[in-house]
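Read the structure below first, then the notes.
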Amino acid sequence: MPKISESREAAQYKKMIETPVWKLISTLAVPTIISMLITGIYNMADTYFVSKLGTEASAAVGIMFPVMSIIQACGFTLGMGSASLISRRLGERKERDASIIASTAFFSAILVGLFIAVVCTTFSSGIMRLVGASETILPFAIQYGGIIFLGAPFMCASFVLNNVLRSEGKAAFSMIALSFGGILNIFLDPIFIFTFGLGIRGAAIATIICQITSFGILLSFFITKKAICSIKLKLAFISTENSDTANENKRKFTAVILWTVVCTGFPSLCRQGLSSFATILLNRAAGNYGSDAAIAGMAIVTRVVMLIASAMIGIGQGFSPVCGYNYGAKQYGRVRKAFSFTIVASFCMLFVFSAVIWIFAPQLVQAIRNDPDVVKVGATALKYQLCLMPFHSVIITTNMLMQSTGHVKAATFLSCNRQGIFFIPVILALPPLIGILGVELTQTIADALSTLAAIPYIVWFFKKLKEKELVENTK
């Protein structure tokens, strides 16, 4: 490996284990928060422009959300799984292993994305009905989804590249790619929808163009060797055992590394997969109380909550590589400090955001879709969810703590709570008892239970960490 590369990697390692954790997490989180917020704003803008086409078109975007969540689930599984492993390998100074993991995840993501594109395009109509599309929403959903599905390979691969860069502590590169794509999408939406007269198809085309653009920018950082990890086909699906030896011919083709990536990323699959299933149940439940208007109202709430939560996820993704790096380097005190800082900073930020949006909830929903029925359902549900939004700091940070340190079972359980273990029974039981209020309250109840469930895991992890710290100090 060239000396300049060794010097760069050594400097990055020193930065990740010696910079004060509050400063390091902030440095990594700010670019991520910016890119996540821009992506969230793009989603809101997309919903806004599409809503001008009518309530059915607005509802169609909401119908597509669980389908896109499935695509994201596959990308996140490979992306977060590889990122967790890579950050720990870099903390252990095993750069070659990190490149093998990154390459395996990247090419796997492309293959998975191609499979999703073929299946979803072939069975588009049936899939849309399955996720809750009514006969009036169905034509819009098919038009929108038929184009979005074509971007699945780029979406899945982008999630991997994005998370690999963040695992290296290079969140600024990720911000550049995602922000450029998001801003471009905001400008292209009205052009394709209204100027070119393509309607909801125009929104989908604009989205595909921007996803490909972001993918290209992300990939360019690896091609130009600005990233620590290398993305090469010859590195994919080979054993990491003795990977630092010079003899490439002794390495054998194996799927073990892919299995390890998938297992490590399994909590992300559960989280996103259950999010998709939860949205399907939510759409079906909302459809029983006002049909298209109720679905559109809940779709708007989902986008607004995603926008706020994106800031929390941004801080969490600043925390995750710091946690993984220092856990791998056995700097356990820094792991503890990083967790405490992330919880406090994210709680305060979410409290401020939630308070402001709570005050203007009706006006916000109305600005997106000026329909009294949509506003009534959307504003009420939004206010309920905002009440517990600050506690997402506990839910998400604890989940990322477990995943970034390799506690897959704990991370999987925690990721299943908010929109699975707690959400599904409530959405099935509550609406039949109290009507539309049950639909509006379900996520709030699930958030409260998820927060309580995270606390025992926090206590258990740091007790275990203290024991490991004592063992290291006696060596």
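Following the order of the structure tokens, first chain is A, next is B, and so on, with residues numbered from 1 inside each chain and ligands from 1 in the order they appear.
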
So which residues touch region 109-119 of chain A within 7 Å, counting only C-alpha atoms, skipping near sequence neighbours fewer than 2 positions away, as a PyMOL selection string? chain A and resi 75+78+105-107+121-123+149-150+152-153+156-157

Please list as a ChimeraX atom specification every residue within 9 Å of Ile148 (chain A), counting only C-alpha atoms and excluding residues in the same chain fewer than 6 positions away. /A:68,117,204-205,207-208

Mind writing the picked residues with N, CA and C atoms as a PDB file, in the first residue's frame?
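The resulting file, selection-v1.pdb, is shown below:
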ATOM      1  N   MET A  68     -41.380   1.338  -1.161  1.00  0.00           N
ATOM      2  CA  MET A  68     -40.046   1.934  -1.154  1.00  0.00           C
ATOM      3  C   MET A  68     -39.283   1.565   0.118  1.00  0.00           C
ATOM      4  N   ALA A 117     -36.426  -4.844  -8.918  1.00  0.00           N
ATOM      5  CA  ALA A 117     -36.962  -4.113 -10.065  1.00  0.00           C
ATOM      6  C   ALA A 117     -37.770  -5.030 -10.979  1.00  0.00           C
ATOM      7  N   ALA A 204     -41.985  10.788 -10.609  1.00  0.00           N
ATOM      8  CA  ALA A 204     -41.185   9.558 -10.546  1.00  0.00           C
ATOM      9  C   ALA A 204     -39.927   9.664 -11.408  1.00  0.00           C
ATOM     10  N   ILE A 205     -40.044  10.245 -12.584  1.00  0.00           N
ATOM     11  CA  ILE A 205     -38.883  10.413 -13.467  1.00  0.00           C
ATOM     12  C   ILE A 205     -37.840  11.311 -12.812  1.00  0.00           C
ATOM     13  N   THR A 207     -37.373  11.747  -9.671  1.00  0.00           N
ATOM     14  CA  THR A 207     -36.766  10.987  -8.574  1.00  0.00           C
ATOM     15  C   THR A 207     -35.692  10.033  -9.092  1.00  0.00           C
ATOM     16  N   ILE A 208     -35.987   9.327 -10.184  1.00  0.00           N
ATOM     17  CA  ILE A 208     -35.024   8.383 -10.751  1.00  0.00           C
ATOM     18  C   ILE A 208     -33.760   9.102 -11.214  1.00  0.00           C
TER      19      ILE A 208
END

For Val356 (chain A), the nearest of the candidates A:Leu53, A:Phe237, A:Val344, A:Ile308, counting only C-alpha atoms: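 Closest to Val356 (chain A), using only C-alpha atoms: A:Ile308.
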
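Shortest separation to Ile359 (chain A) among A:Thr39, A:Ser393, A:Thr136, A:Thr380 occurs at residue A:Thr380, atoms counted being only C-alpha atoms.
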
All residues 8 Å or closer to Leu449 (chain A), only C-alpha atoms, same chain fewer than 4 positions away omitted, as a PyMOL selection string: chain A and resi 418+422+445+453
